[in-house]
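What follows is upload_20.pdb (PDB, C-alpha atoms).
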ATOM      1  CA  MET G   1     -14.464  -9.981  19.529
ATOM      2  CA  ARG G   2     -14.737 -11.930  16.251
ATOM      3  CA  VAL G   3     -13.688  -9.861  13.243
ATOM      4  CA  GLY G   4     -14.037 -11.054   9.671
ATOM      5  CA  VAL G   5     -10.981  -9.828   7.753
ATOM      6  CA  ASP G   6     -11.509  -9.624   4.001
ATOM      7  CA  VAL G   7      -8.732 -11.509   2.183
ATOM      8  CA  ALA G   8     -10.321 -11.354  -1.282
ATOM      9  CA  PRO G   9      -7.825  -8.672  -2.437
ATOM     10  CA  LEU G  10      -5.052 -11.277  -2.161
ATOM     11  CA  GLN G  11      -6.510 -12.822  -5.324
ATOM     12  CA  GLN G  12      -5.615  -9.686  -7.285
ATOM     13  CA  THR G  13      -2.349  -8.352  -5.857
ATOM     14  CA  GLN G  14       0.857  -9.383  -4.156
ATOM     15  CA  ALA G  15       2.106  -5.804  -3.788
ATOM     16  CA  GLY G  16       1.757  -3.336  -0.910
ATOM     17  CA  THR G  17      -1.889  -4.029  -0.112
ATOM     18  CA  ALA G  18      -1.166  -7.752   0.147
ATOM     19  CA  ARG G  19       1.744  -7.125   2.507
ATOM     20  CA  TRP G  20      -0.517  -5.058   4.756
ATOM     21  CA  ILE G  21      -3.260  -7.710   4.844
ATOM     22  CA  ARG G  22      -0.872 -10.585   5.570
ATOM     23  CA  GLY G  23       1.176  -8.679   8.121
ATOM     24  CA  LEU G  24      -1.874  -7.438   9.997
ATOM     25  CA  LEU G  25      -3.522 -10.884  10.025
ATOM     26  CA  ALA G  26      -0.373 -12.491  11.419
ATOM     27  CA  ALA G  27      -0.063  -9.864  14.162
ATOM     28  CA  LEU G  28      -3.756 -10.144  15.077
ATOM     29  CA  ALA G  29      -3.337 -13.923  15.347
ATOM     30  CA  ARG G  30      -0.733 -13.388  18.076
ATOM     31  CA  ARG G  31      -3.233 -11.489  20.256
ATOM     32  CA  ASP G  32      -5.763 -12.985  22.652
ATOM     33  CA  ASP G  33      -8.256 -10.089  22.617
ATOM     34  CA  VAL G  34      -9.475 -10.558  19.040
ATOM     35  CA  GLU G  35     -10.260 -13.483  16.745
ATOM     36  CA  ALA G  36      -9.457 -12.499  13.161
ATOM     37  CA  VAL G  37     -11.403 -14.731  10.767
ATOM     38  CA  PRO G  38     -10.230 -14.598   7.114
ATOM     39  CA  VAL G  39     -13.126 -14.309   4.663
ATOM     40  CA  GLY G  40     -12.932 -14.122   0.888
ATOM     41  CA  TRP G  41     -14.504 -15.098  -2.402
ATOM     42  CA  GLY G  42     -13.511 -15.711  -6.002
ATOM     43  CA  GLY G  43     -10.317 -16.151  -7.985
ATOM     44  CA  PRO G  44      -7.714 -13.971  -9.705
ATOM     45  CA  GLY G  45      -9.372 -13.281 -13.069
ATOM     46  CA  ARG G  46     -10.470  -9.805 -14.169
ATOM     47  CA  LEU G  47     -14.076 -10.857 -14.690
ATOM     48  CA  THR G  48     -14.132 -12.413 -11.232
ATOM     49  CA  ALA G  49     -12.799  -9.159  -9.818
ATOM     50  CA  VAL G  50     -15.694  -7.247 -11.343
ATOM     51  CA  VAL G  51     -18.220  -9.774 -10.002
ATOM     52  CA  ARG G  52     -16.585  -9.518  -6.601
ATOM     53  CA  ASP G  53     -17.071  -5.742  -6.640
ATOM     54  CA  VAL G  54     -20.752  -5.896  -7.614
ATOM     55  CA  LEU G  55     -21.802  -9.073  -5.743
ATOM     56  CA  TRP G  56     -19.365 -10.118  -3.011
ATOM     57  CA  TYR G  57     -18.997  -6.796  -1.239
ATOM     58  CA  PRO G  58     -22.579  -5.505  -1.479
ATOM     59  CA  ALA G  59     -24.405  -8.792  -0.774
ATOM     60  CA  LEU G  60     -22.416 -11.969  -0.114
ATOM     61  CA  LEU G  61     -19.938 -10.585   2.413
ATOM     62  CA  PRO G  62     -22.582  -9.134   4.782
ATOM     63  CA  ARG G  63     -24.586 -12.359   4.526
ATOM     64  CA  ARG G  64     -21.575 -14.542   5.294
ATOM     65  CA  ALA G  65     -20.600 -12.316   8.226
ATOM     66  CA  ARG G  66     -24.078 -12.575   9.705
ATOM     67  CA  ARG G  67     -24.244 -16.368   9.306
ATOM     68  CA  ALA G  68     -20.763 -16.781  10.819
ATOM     69  CA  GLY G  69     -21.732 -14.788  13.904
ATOM     70  CA  LEU G  70     -19.067 -12.145  13.347
ATOM     71  CA  ASP G  71     -19.089  -8.958  15.392
ATOM     72  CA  LEU G  72     -17.438  -6.804  12.735
ATOM     73  CA  ILE G  73     -16.354  -6.893   9.092
ATOM     74  CA  HIS G  74     -12.938  -5.434   8.276
ATOM     75  CA  CYS G  75     -12.812  -4.670   4.545
ATOM     76  CA  THR G  76      -9.122  -4.424   3.704
ATOM     77  CA  ILE G  77      -9.485  -2.191   0.624
ATOM     78  CA  TYR G  78     -12.001   0.536  -0.195
ATOM     79  CA  ARG G  79     -14.609  -1.945  -1.361
ATOM     80  CA  GLY G  80     -17.341  -2.736   1.140
ATOM     81  CA  PRO G  81     -21.085  -3.077   1.679
ATOM     82  CA  LEU G  82     -23.397  -0.089   1.459
ATOM     83  CA  ARG G  83     -25.729  -1.780   3.962
ATOM     84  CA  SER G  84     -24.928  -4.526   6.445
ATOM     85  CA  ARG G  85     -26.409  -5.781   9.697
ATOM     86  CA  VAL G  86     -22.854  -6.555  10.819
ATOM     87  CA  PRO G  87     -20.920  -3.276  11.222
ATOM     88  CA  ALA G  88     -18.269  -2.732   8.548
ATOM     89  CA  LEU G  89     -14.924  -1.014   8.805
ATOM     90  CA  VAL G  90     -13.354  -0.058   5.440
ATOM     91  CA  THR G  91      -9.667   0.521   4.681
ATOM     92  CA  VAL G  92      -8.251   3.378   2.619
ATOM     93  CA  HIS G  93      -4.745   2.624   1.388
ATOM     94  CA  ASP G  94      -4.865   5.636  -0.906
ATOM     95  CA  LEU G  95      -7.284   7.586  -3.060
ATOM     96  CA  ALA G  96      -5.037   7.879  -6.082
ATOM     97  CA  VAL G  97      -7.931   6.893  -8.337
ATOM     98  CA  LEU G  98      -9.629  10.170  -7.388
ATOM     99  CA  ARG G  99      -6.455  12.263  -7.709
ATOM    100  CA  HIS G 100      -5.082  10.606 -10.859
ATOM    101  CA  PRO G 101      -7.949   8.695 -12.535
ATOM    102  CA  ASP G 102      -6.148   8.490 -15.890
ATOM    103  CA  ALA G 103      -3.515   6.257 -14.282
ATOM    104  CA  PHE G 104      -6.057   3.482 -13.640
ATOM    105  CA  PRO G 105      -7.920   0.867 -15.703
ATOM    106  CA  ALA G 106     -11.466   1.627 -16.901
ATOM    107  CA  TRP G 107     -13.281  -0.537 -14.320
ATOM    108  CA  THR G 108     -11.435   1.056 -11.396
ATOM    109  CA  ARG G 109     -12.306   4.526 -12.711
ATOM    110  CA  LEU G 110     -15.978   3.532 -13.062
ATOM    111  CA  TYR G 111     -16.059   2.149  -9.503
ATOM    112  CA  ALA G 112     -14.500   5.375  -8.232
ATOM    113  CA  ARG G 113     -17.128   7.514  -9.954
ATOM    114  CA  THR G 114     -20.084   5.480  -8.700
ATOM    115  CA  TRP G 115     -19.554   3.490  -5.499
ATOM    116  CA  LEU G 116     -16.329   4.628  -3.868
ATOM    117  CA  ARG G 117     -17.534   7.664  -1.928
ATOM    118  CA  PRO G 118     -20.876   6.090  -0.895
ATOM    119  CA  THR G 119     -19.008   3.016   0.359
ATOM    120  CA  LEU G 120     -16.637   5.075   2.499
ATOM    121  CA  ARG G 121     -19.453   7.163   3.909
ATOM    122  CA  ALA G 122     -21.564   4.090   4.704
ATOM    123  CA  ALA G 123     -18.857   2.360   6.767
ATOM    124  CA  ARG G 124     -19.094   2.440  10.555
ATOM    125  CA  ARG G 125     -15.469   3.614  10.613
ATOM    126  CA  LEU G 126     -12.569   3.929   8.196
ATOM    127  CA  VAL G 127      -8.993   2.765   8.588
ATOM    128  CA  ALA G 128      -6.255   4.709   6.772
ATOM    129  CA  VAL G 129      -2.686   3.455   6.435
ATOM    130  CA  SER G 130      -1.160   6.905   7.032
ATOM    131  CA  GLU G 131      -2.075  10.356   8.252
ATOM    132  CA  PHE G 132      -1.840  11.446   4.629
ATOM    133  CA  SER G 133      -4.507   8.926   3.542
ATOM    134  CA  ARG G 134      -6.621   9.991   6.499
ATOM    135  CA  ARG G 135      -6.546  13.586   5.253
ATOM    136  CA  GLU G 136      -7.367  12.429   1.728
ATOM    137  CA  ALA G 137     -10.466  10.571   2.949
ATOM    138  CA  VAL G 138     -11.636  13.715   4.707
ATOM    139  CA  GLU G 139     -11.026  15.975   1.711
ATOM    140  CA  LEU G 140     -12.061  13.722  -1.173
ATOM    141  CA  ALA G 141     -14.789  11.561   0.391
ATOM    142  CA  GLY G 142     -16.202  13.912   2.998
ATOM    143  CA  VAL G 143     -15.745  11.467   5.878
ATOM    144  CA  PRO G 144     -15.339  13.234   9.252
ATOM    145  CA  ALA G 145     -11.808  12.927  10.616
ATOM    146  CA  GLU G 146     -13.074  11.561  13.932
ATOM    147  CA  ARG G 147     -14.424   8.480  12.119
ATOM    148  CA  ILE G 148     -11.007   7.539  10.715
ATOM    149  CA  ASP G 149      -8.259   5.586  12.492
ATOM    150  CA  VAL G 150      -4.677   5.157  11.252
ATOM    151  CA  VAL G 151      -3.385   1.585  11.055
ATOM    152  CA  PRO G 152       0.035   1.905   9.421
ATOM    153  CA  ASN G 153       2.026  -0.505   7.341
ATOM    154  CA  ALA G 154       5.048  -2.182   8.878
ATOM    155  CA  VAL G 155       8.248  -3.914   7.829
ATOM    156  CA  ASP G 156       8.409  -7.703   7.555
ATOM    157  CA  ALA G 157      11.219  -9.467   9.430
ATOM    158  CA  VAL G 158      13.018 -10.507   6.238
ATOM    159  CA  PHE G 159      13.932  -6.871   5.615
ATOM    160  CA  GLY G 160      16.887  -6.065   7.846
ATOM    161  CA  ALA G 161      20.402  -4.697   7.585
ATOM    162  CA  GLU G 162      22.032  -8.051   8.317
ATOM    163  CA  GLY G 163      22.265 -10.539   5.483
ATOM    164  CA  PRO G 164      23.538 -10.995   1.920
ATOM    165  CA  ALA G 165      23.853  -7.982  -0.360
ATOM    166  CA  ALA G 166      23.559  -8.053  -4.143
ATOM    167  CA  ALA G 167      26.758  -7.311  -6.038
ATOM    168  CA  GLY G 168      27.391  -4.342  -8.301
ATOM    169  CA  ASP G 169      27.044  -0.572  -8.362
ATOM    170  CA  TYR G 170      23.379   0.116  -9.063
ATOM    171  CA  LEU G 171      20.291   2.044  -8.131
ATOM    172  CA  LEU G 172      17.088   0.208  -7.243
ATOM    173  CA  ALA G 173      13.485   1.004  -8.172
ATOM    174  CA  VAL G 174      10.639  -1.060  -6.687
ATOM    175  CA  GLY G 175       6.987  -1.027  -7.706
ATOM    176  CA  THR G 176       4.394  -2.338 -10.129
ATOM    177  CA  LEU G 177       4.931  -1.007 -13.654
ATOM    178  CA  GLU G 178       2.118   1.535 -13.729
ATOM    179  CA  PRO G 179       1.971   5.263 -14.518
ATOM    180  CA  ARG G 180       1.892   6.713 -11.013
ATOM    181  CA  LYS G 181       5.181   5.006 -10.062
ATOM    182  CA  ASN G 182       6.895   7.530 -12.359
ATOM    183  CA  LEU G 183       9.404   5.009 -13.679
ATOM    184  CA  PRO G 184      10.317   6.916 -16.884
ATOM    185  CA  ARG G 185      11.655   9.830 -14.807
ATOM    186  CA  ALA G 186      13.511   7.420 -12.492
ATOM    187  CA  ILE G 187      15.149   5.924 -15.597
ATOM    188  CA  ALA G 188      16.044   9.368 -16.913
ATOM    189  CA  ALA G 189      17.544  10.315 -13.533
ATOM    190  CA  ALA G 190      19.624   7.126 -13.383
ATOM    191  CA  ARG G 191      21.047   7.919 -16.828
ATOM    192  CA  LEU G 192      21.880  11.441 -15.729
ATOM    193  CA  ALA G 193      23.651   9.973 -12.706
ATOM    194  CA  GLY G 194      25.427   7.423 -14.905
ATOM    195  CA  VAL G 195      24.432   4.451 -12.768
ATOM    196  CA  GLU G 196      22.707   1.151 -13.633
ATOM    197  CA  LEU G 197      19.049   0.966 -12.581
ATOM    198  CA  ARG G 198      17.587  -2.358 -11.479
ATOM    199  CA  VAL G 199      13.786  -2.457 -11.422
ATOM    200  CA  VAL G 200      11.765  -4.888  -9.290
ATOM    201  CA  GLY G 201       8.021  -5.138  -9.836
ATOM    202  CA  ALA G 202       5.278  -6.955 -11.669
ATOM    203  CA  ARG G 203       4.036  -5.813 -15.051
ATOM    204  CA  GLY G 204       1.057  -3.496 -14.594
ATOM    205  CA  TRP G 205      -0.848  -1.293 -17.013
ATOM    206  CA  GLY G 206      -0.568   1.957 -18.902
ATOM    207  CA  GLY G 207       2.189   0.803 -21.249
ATOM    208  CA  VAL G 208       4.977   1.378 -18.697
ATOM    209  CA  GLU G 209       8.199  -0.463 -19.590
ATOM    210  CA  ALA G 210      11.449  -0.949 -17.677
ATOM    211  CA  SER G 211      13.824  -1.078 -20.622
ATOM    212  CA  GLY G 212      16.671   0.684 -22.360
ATOM    213  CA  ASP G 213      20.391   1.150 -21.853
ATOM    214  CA  GLY G 214      21.462   0.720 -18.256
ATOM    215  CA  VAL G 215      18.038  -0.561 -17.130
ATOM    216  CA  HIS G 216      17.464  -4.132 -15.982
ATOM    217  CA  TRP G 217      13.945  -5.280 -15.174
ATOM    218  CA  LEU G 218      13.964  -8.192 -12.717
ATOM    219  CA  GLY G 219      10.185  -8.662 -12.461
ATOM    220  CA  ARG G 220       8.826  -9.881  -9.135
ATOM    221  CA  VAL G 221      11.451 -11.495  -6.916
ATOM    222  CA  PRO G 222      11.272 -13.376  -3.594
ATOM    223  CA  ASP G 223      11.506 -11.207  -0.498
ATOM    224  CA  GLU G 224      14.925 -12.616   0.413
ATOM    225  CA  GLU G 225      16.279 -11.533  -2.983
ATOM    226  CA  LEU G 226      14.591  -8.141  -2.683
ATOM    227  CA  ALA G 227      16.191  -7.601   0.730
ATOM    228  CA  ALA G 228      19.610  -8.427  -0.749
ATOM    229  CA  LEU G 229      18.958  -5.926  -3.559
ATOM    230  CA  TYR G 230      18.096  -3.216  -1.018
ATOM    231  CA  ARG G 231      21.276  -3.937   0.963
ATOM    232  CA  GLY G 232      23.508  -3.778  -2.095
ATOM    233  CA  ALA G 233      21.993  -0.716  -3.777
ATOM    234  CA  ARG G 234      23.586   2.708  -3.842
ATOM    235  CA  CYS G 235      20.078   3.915  -2.978
ATOM    236  CA  LEU G 236      16.390   3.268  -3.584
ATOM    237  CA  VAL G 237      14.916   5.622  -6.191
ATOM    238  CA  TYR G 238      11.204   5.972  -5.464
ATOM    239  CA  PRO G 239       9.823   9.101  -7.162
ATOM    240  CA  SER G 240       6.198   7.972  -7.139
ATOM    241  CA  LEU G 241       3.634  10.616  -8.001
ATOM    242  CA  TYR G 242       1.196   9.448  -5.329
ATOM    243  CA  GLU G 243       1.223   6.860  -2.522
ATOM    244  CA  GLY G 244      -0.904   6.259   0.537
ATOM    245  CA  PHE G 245       2.159   4.854   2.313
ATOM    246  CA  GLY G 246       5.057   3.652   0.128
ATOM    247  CA  ILE G 247       6.168   0.306   1.566
ATOM    248  CA  PRO G 248       9.427   0.133  -0.454
ATOM    249  CA  VAL G 249      10.590   3.262   1.391
ATOM    250  CA  ALA G 250      10.161   1.527   4.756
ATOM    251  CA  GLU G 251      11.721  -1.735   3.525
ATOM    252  CA  ALA G 252      14.754   0.061   2.139
ATOM    253  CA  LEU G 253      15.287   1.995   5.376
ATOM    254  CA  ALA G 254      15.129  -1.275   7.329
ATOM    255  CA  CYS G 255      17.809  -2.790   5.086
ATOM    256  CA  GLY G 256      20.213   0.108   5.534
ATOM    257  CA  CYS G 257      19.595   1.443   2.035
ATOM    258  CA  PRO G 258      19.499   5.239   1.552
ATOM    259  CA  VAL G 259      16.264   6.465  -0.010
ATOM    260  CA  VAL G 260      15.540   9.113  -2.615
ATOM    261  CA  THR G 261      11.811   9.710  -2.822
ATOM    262  CA  SER G 262       9.122  12.233  -3.643
ATOM    263  CA  GLY G 263       8.398  15.069  -1.311
ATOM    264  CA  GLU G 264       4.749  14.402  -2.191
ATOM    265  CA  SER G 265       1.841  12.441  -0.640
ATOM    266  CA  ALA G 266       2.851   9.968   2.104
ATOM    267  CA  MET G 267       6.545   9.351   1.437
ATOM    268  CA  ALA G 268       7.919  12.132   3.640
ATOM    269  CA  GLU G 269       5.695  10.904   6.485
ATOM    270  CA  VAL G 270       6.959   7.332   6.109
ATOM    271  CA  ALA G 271      10.617   8.338   5.857
ATOM    272  CA  GLY G 272      10.369  10.529   8.956
ATOM    273  CA  GLY G 273      13.366  12.684   8.040
ATOM    274  CA  ALA G 274      15.543   9.714   7.028
ATOM    275  CA  ALA G 275      15.367  10.156   3.219
ATOM    276  CA  VAL G 276      16.327  12.645   0.523
ATOM    277  CA  LEU G 277      13.125  14.277  -0.774
ATOM    278  CA  VAL G 278      12.973  15.465  -4.381
ATOM    279  CA  ASP G 279      10.630  16.910  -6.992
ATOM    280  CA  PRO G 280       9.295  13.787  -8.761
ATOM    281  CA  LEU G 281       8.551  15.718 -11.958
ATOM    282  CA  ASP G 282      12.179  16.753 -12.510
ATOM    283  CA  PRO G 283      14.696  14.033 -13.522
ATOM    284  CA  ALA G 284      17.568  16.430 -12.849
ATOM    285  CA  ALA G 285      16.315  16.951  -9.283
ATOM    286  CA  ILE G 286      16.024  13.181  -8.806
ATOM    287  CA  ALA G 287      19.572  12.728 -10.136
ATOM    288  CA  ALA G 288      20.811  15.412  -7.724
ATOM    289  CA  GLY G 289      19.023  13.544  -4.927
ATOM    290  CA  ILE G 290      20.874  10.368  -5.895
ATOM    291  CA  GLU G 291      24.187  12.187  -5.546
ATOM    292  CA  GLU G 292      23.100  13.683  -2.226
ATOM    293  CA  ALA G 293      22.085  10.279  -0.868
ATOM    294  CA  ALA G 294      25.498   8.873  -1.737
ATOM    295  CA  ALA G 295      27.257  11.784  -0.068
ATOM    296  CA  ARG G 296      25.107  11.503   3.082
ATOM    297  CA  ARG G 297      25.071   7.695   3.321
ATOM    298  CA  ALA G 298      26.830   7.588   6.722
ATOM    299  CA  GLU G 299      24.168   9.928   8.100
ATOM    300  CA  LEU G 300      21.099   8.483   6.370
ATOM    301  CA  VAL G 301      21.628   4.781   7.114
ATOM    302  CA  PRO G 302      21.395   5.002  10.941
ATOM    303  CA  LEU G 303      18.491   7.449  10.672
ATOM    304  CA  GLY G 304      16.695   4.991   8.400
ATOM    305  CA  LEU G 305      17.314   2.012  10.656
ATOM    306  CA  ALA G 306      15.928   3.924  13.648
ATOM    307  CA  ARG G 307      12.855   5.004  11.703
ATOM    308  CA  ALA G 308      12.168   1.489  10.375
ATOM    309  CA  ALA G 309      12.398   0.041  13.896
ATOM    310  CA  THR G 310       9.235   1.957  14.817
ATOM    311  CA  LEU G 311       7.214   0.367  11.983
ATOM    312  CA  THR G 312       6.133  -2.940  13.535
ATOM    313  CA  TRP G 313       3.141  -5.167  12.915
ATOM    314  CA  GLU G 314       2.482  -5.265  16.661
ATOM    315  CA  ARG G 315       1.976  -1.505  16.561
ATOM    316  CA  ALA G 316      -0.327  -1.885  13.558
ATOM    317  CA  ALA G 317      -2.368  -4.615  15.260
ATOM    318  CA  GLU G 318      -2.758  -2.509  18.404
ATOM    319  CA  ALA G 319      -4.095   0.351  16.285
ATOM    320  CA  ALA G 320      -6.451  -1.994  14.436
ATOM    321  CA  VAL G 321      -7.919  -3.425  17.635
ATOM    322  CA  GLY G 322      -8.495   0.111  18.872
ATOM    323  CA  ALA G 323     -10.380   0.862  15.658
ATOM    324  CA  TYR G 324     -12.463  -2.305  16.058
ATOM    325  CA  ARG G 325     -13.453  -1.330  19.593
ATOM    326  CA  ARG G 326     -14.479   2.151  18.502
ATOM    327  CA  ALA G 327     -16.494   0.697  15.619
ATOM    328  CA  LEU G 328     -18.410  -1.512  18.060
ATOM    329  CA  ALA G 329     -18.840   1.097  20.798
TER     330      ALA G 329
END
Taking this structure as input, can you express it in the form of structure tokens?
Amino acid sequence: MRVGVDVAPLQQTQAGTARWIRGLLAALARRDDVEAVPVGWGGPGRLTAVVRDVLWYPALLPRRARRAGLDLIHCTIYRGPLRSRVPALVTVHDLAVLRHPDAFPAWTRLYARTWLRPTLRAARRLVAVSEFSRREAVELAGVPAERIDVVPNAVDAVFGAEGPAAAGDYLLAVGTLEPRKNLPRAIAAARLAGVELRVVGARGWGGVEASGDGVHWLGRVPDEELAALYRGARCLVYPSLYEGFGIPVAEALACGCPVVTSGESAMAEVAGGAAVLVDPLDPAAIAAGIEEAAARRAELVPLGLARAATLTWERAAEAAVGAYRRALA
């Protein structure tokens, strides 16, 4: 079974989607029942991204797949061909653009209004990264649940409880600086708790800033440094308004870092009972969650380590191969 895996999104992001693509590709490469062939087009510029959406996915990707003799195309985001002789499987990380369109740039909103639902409905099968995203695809795109498989995210080996820990008494927030990450309320909660907040993440859009008294923006950092920050933190504060998975939650759990996160969208599913869940719209509730996480640290850390141990790339690859077989059946 030769599967073309779309790596074009790696030109645009190094965040959660990129981790999923790289981790899944590496795990597929260790199997002998599938040949995963990376396919991609274009560079990192915004104009190139638009051209990729209107040319690569509808026309060039199906043509390349056919000429390469591929059995299946695995589109790793919710872009894909509307028609293709080679069957296409399309991934749904989340459908936040349909739930919270104002939190996205103009081109993404336009794509969502025009091509997103037709693309999902045209795919032979969908892959969702969580049960939550699976339900969203059913509700918002009208795709039957039986046509959707769950291929979850996993935790990279660098994120573990053993290793260096960053110094200091601080809270940690991780995520691109964009509106749905809810950083202003995380900052307000940290101030209520009276603890320094360190923020890791690339600059995004929407005018979100990680600044002010007691806030230190570190930008993007290498994974080894991020793991040390997780290990040293009082807790991860992740009050995102909407996520299809929430990789920082899983990474923090794997590093023995207590987690305070939203009781919304996919975060409760990912944490599996190993995190403190809060109302993301209430800074006081987030601050109370920070205090609770500190008080329950001895309980939460082993629960988190056990939960993270179930999130492996081998498990994800097994689920993906099952989806490929069903797409070709």
Give the centre and edge lengths of an axis-aligned box, in Å to one decimal, that holds all listed atoms of segment 208-222 of chain G with 3 Å on each side, as AutoDock Vina command-line options.
--center_x 13.2 --center_y -6.0 --center_z -13.0 --size_x 22.5 --size_y 20.8 --size_z 24.8
- For each of G:Asp33, G:Glu224, G:Asp169, G:Glu299, take the minimum atom-to-atom distance to Arg325 of chain G, counting all atoms listed in the file, then give the residue where this is smallest. G:Asp33
- Task: Go through the shown structure with the PyMOL selection byres ((chain G and resi 101) around 12) and write out the matching residues as number ranges by chain.
- Result: G: 95-100, 102-113, 179-180, 206, 242
- Item | Shell around Ser211 of chain G at 12 Å using only C-alpha atoms, local window under 6 positions removed, as a PyMOL selection string | chain G and resi 177+183-184+186-188+196-199+217-219
Let's have the selection written as a CSV table (one decimal), keeping the file's coordinate frame, with C-alpha atoms.
chain,number,residue,atom,x,y,z
G,177,LEU,CA,4.9,-1.0,-13.7
G,183,LEU,CA,9.4,5.0,-13.7
G,184,PRO,CA,10.3,6.9,-16.9
G,186,ALA,CA,13.5,7.4,-12.5
G,187,ILE,CA,15.1,5.9,-15.6
G,188,ALA,CA,16.0,9.4,-16.9
G,196,GLU,CA,22.7,1.2,-13.6
G,197,LEU,CA,19.0,1.0,-12.6
G,198,ARG,CA,17.6,-2.4,-11.5
G,199,VAL,CA,13.8,-2.5,-11.4
G,217,TRP,CA,13.9,-5.3,-15.2
G,218,LEU,CA,14.0,-8.2,-12.7
G,219,GLY,CA,10.2,-8.7,-12.5
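Of the residues under consideration (G:Ala65, G:Leu28, G:Ala161, G:Ala271), G:Ala161 shows the shortest atom-to-atom contact distance to Ala254 of chain G when counting all atoms listed in the file.
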- For the file shown, what are the residues hit by the PyMOL selection byres ((chain G and resi 307) around 9), laid out as number ranges by chain? G: 250, 253-254, 270-274, 302-306, 308-311
May I have the residues from that selection written out with C-alpha atoms, as a CSV table (one decimal), keeping the file's coordinate frame?
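File selection-v2.csv, as written:
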chain,number,residue,atom,x,y,z
G,250,ALA,CA,10.2,1.5,4.8
G,253,LEU,CA,15.3,2.0,5.4
G,254,ALA,CA,15.1,-1.3,7.3
G,270,VAL,CA,7.0,7.3,6.1
G,271,ALA,CA,10.6,8.3,5.9
G,272,GLY,CA,10.4,10.5,9.0
G,273,GLY,CA,13.4,12.7,8.0
G,274,ALA,CA,15.5,9.7,7.0
G,302,PRO,CA,21.4,5.0,10.9
G,303,LEU,CA,18.5,7.4,10.7
G,304,GLY,CA,16.7,5.0,8.4
G,305,LEU,CA,17.3,2.0,10.7
G,306,ALA,CA,15.9,3.9,13.6
G,308,ALA,CA,12.2,1.5,10.4
G,309,ALA,CA,12.4,0.0,13.9
G,310,THR,CA,9.2,2.0,14.8
G,311,LEU,CA,7.2,0.4,12.0
- Task: Tell me which protein, DNA and RNA residues are within 9 Å of Gly23 of chain G, counting only C-alpha atoms, leaving out same-chain ones fewer than 5 positions away, and put them as number ranges by chain.
- Result: G: 18, 28, 153-156, 313, 316-317
Residues matched by the PyMOL selection byres ((chain G and resi 229) around 12) as a PDB file with C-alpha atoms, in the coordinates of the input:
ATOM      1  CA  PHE G 159      13.932  -6.871   5.615  1.00  0.00           C
ATOM      2  CA  GLY G 160      16.887  -6.065   7.846  1.00  0.00           C
ATOM      3  CA  ALA G 161      20.402  -4.697   7.585  1.00  0.00           C
ATOM      4  CA  GLY G 163      22.265 -10.539   5.483  1.00  0.00           C
ATOM      5  CA  PRO G 164      23.538 -10.995   1.920  1.00  0.00           C
ATOM      6  CA  ALA G 165      23.853  -7.982  -0.360  1.00  0.00           C
ATOM      7  CA  ALA G 166      23.559  -8.053  -4.143  1.00  0.00           C
ATOM      8  CA  ALA G 167      26.758  -7.311  -6.038  1.00  0.00           C
ATOM      9  CA  GLY G 168      27.391  -4.342  -8.301  1.00  0.00           C
ATOM     10  CA  ASP G 169      27.044  -0.572  -8.362  1.00  0.00           C
ATOM     11  CA  TYR G 170      23.379   0.116  -9.063  1.00  0.00           C
ATOM     12  CA  LEU G 171      20.291   2.044  -8.131  1.00  0.00           C
ATOM     13  CA  LEU G 172      17.088   0.208  -7.243  1.00  0.00           C
ATOM     14  CA  ALA G 173      13.485   1.004  -8.172  1.00  0.00           C
ATOM     15  CA  VAL G 174      10.639  -1.060  -6.687  1.00  0.00           C
ATOM     16  CA  LEU G 197      19.049   0.966 -12.581  1.00  0.00           C
ATOM     17  CA  ARG G 198      17.587  -2.358 -11.479  1.00  0.00           C
ATOM     18  CA  VAL G 199      13.786  -2.457 -11.422  1.00  0.00           C
ATOM     19  CA  VAL G 200      11.765  -4.888  -9.290  1.00  0.00           C
ATOM     20  CA  LEU G 218      13.964  -8.192 -12.717  1.00  0.00           C
ATOM     21  CA  VAL G 221      11.451 -11.495  -6.916  1.00  0.00           C
ATOM     22  CA  PRO G 222      11.272 -13.376  -3.594  1.00  0.00           C
ATOM     23  CA  ASP G 223      11.506 -11.207  -0.498  1.00  0.00           C
ATOM     24  CA  GLU G 224      14.925 -12.616   0.413  1.00  0.00           C
ATOM     25  CA  GLU G 225      16.279 -11.533  -2.983  1.00  0.00           C
ATOM     26  CA  LEU G 226      14.591  -8.141  -2.683  1.00  0.00           C
ATOM     27  CA  ALA G 227      16.191  -7.601   0.730  1.00  0.00           C
ATOM     28  CA  ALA G 228      19.610  -8.427  -0.749  1.00  0.00           C
ATOM     29  CA  TYR G 230      18.096  -3.216  -1.018  1.00  0.00           C
ATOM     30  CA  ARG G 231      21.276  -3.937   0.963  1.00  0.00           C
ATOM     31  CA  GLY G 232      23.508  -3.778  -2.095  1.00  0.00           C
ATOM     32  CA  ALA G 233      21.993  -0.716  -3.777  1.00  0.00           C
ATOM     33  CA  ARG G 234      23.586   2.708  -3.842  1.00  0.00           C
ATOM     34  CA  CYS G 235      20.078   3.915  -2.978  1.00  0.00           C
ATOM     35  CA  LEU G 236      16.390   3.268  -3.584  1.00  0.00           C
ATOM     36  CA  PRO G 248       9.427   0.133  -0.454  1.00  0.00           C
ATOM     37  CA  GLU G 251      11.721  -1.735   3.525  1.00  0.00           C
ATOM     38  CA  ALA G 252      14.754   0.061   2.139  1.00  0.00           C
ATOM     39  CA  CYS G 255      17.809  -2.790   5.086  1.00  0.00           C
ATOM     40  CA  GLY G 256      20.213   0.108   5.534  1.00  0.00           C
ATOM     41  CA  CYS G 257      19.595   1.443   2.035  1.00  0.00           C
TER      42      CYS G 257
END
- Task: Figure out the distance between atom CA of Pro62 of chain G and atom CA of Glu136 of chain G, please, to one decimal in Å.
- Result: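 Atom CA of Pro62 of chain G lies at a distance of 26.6 Å from atom CA of Glu136 of chain G.
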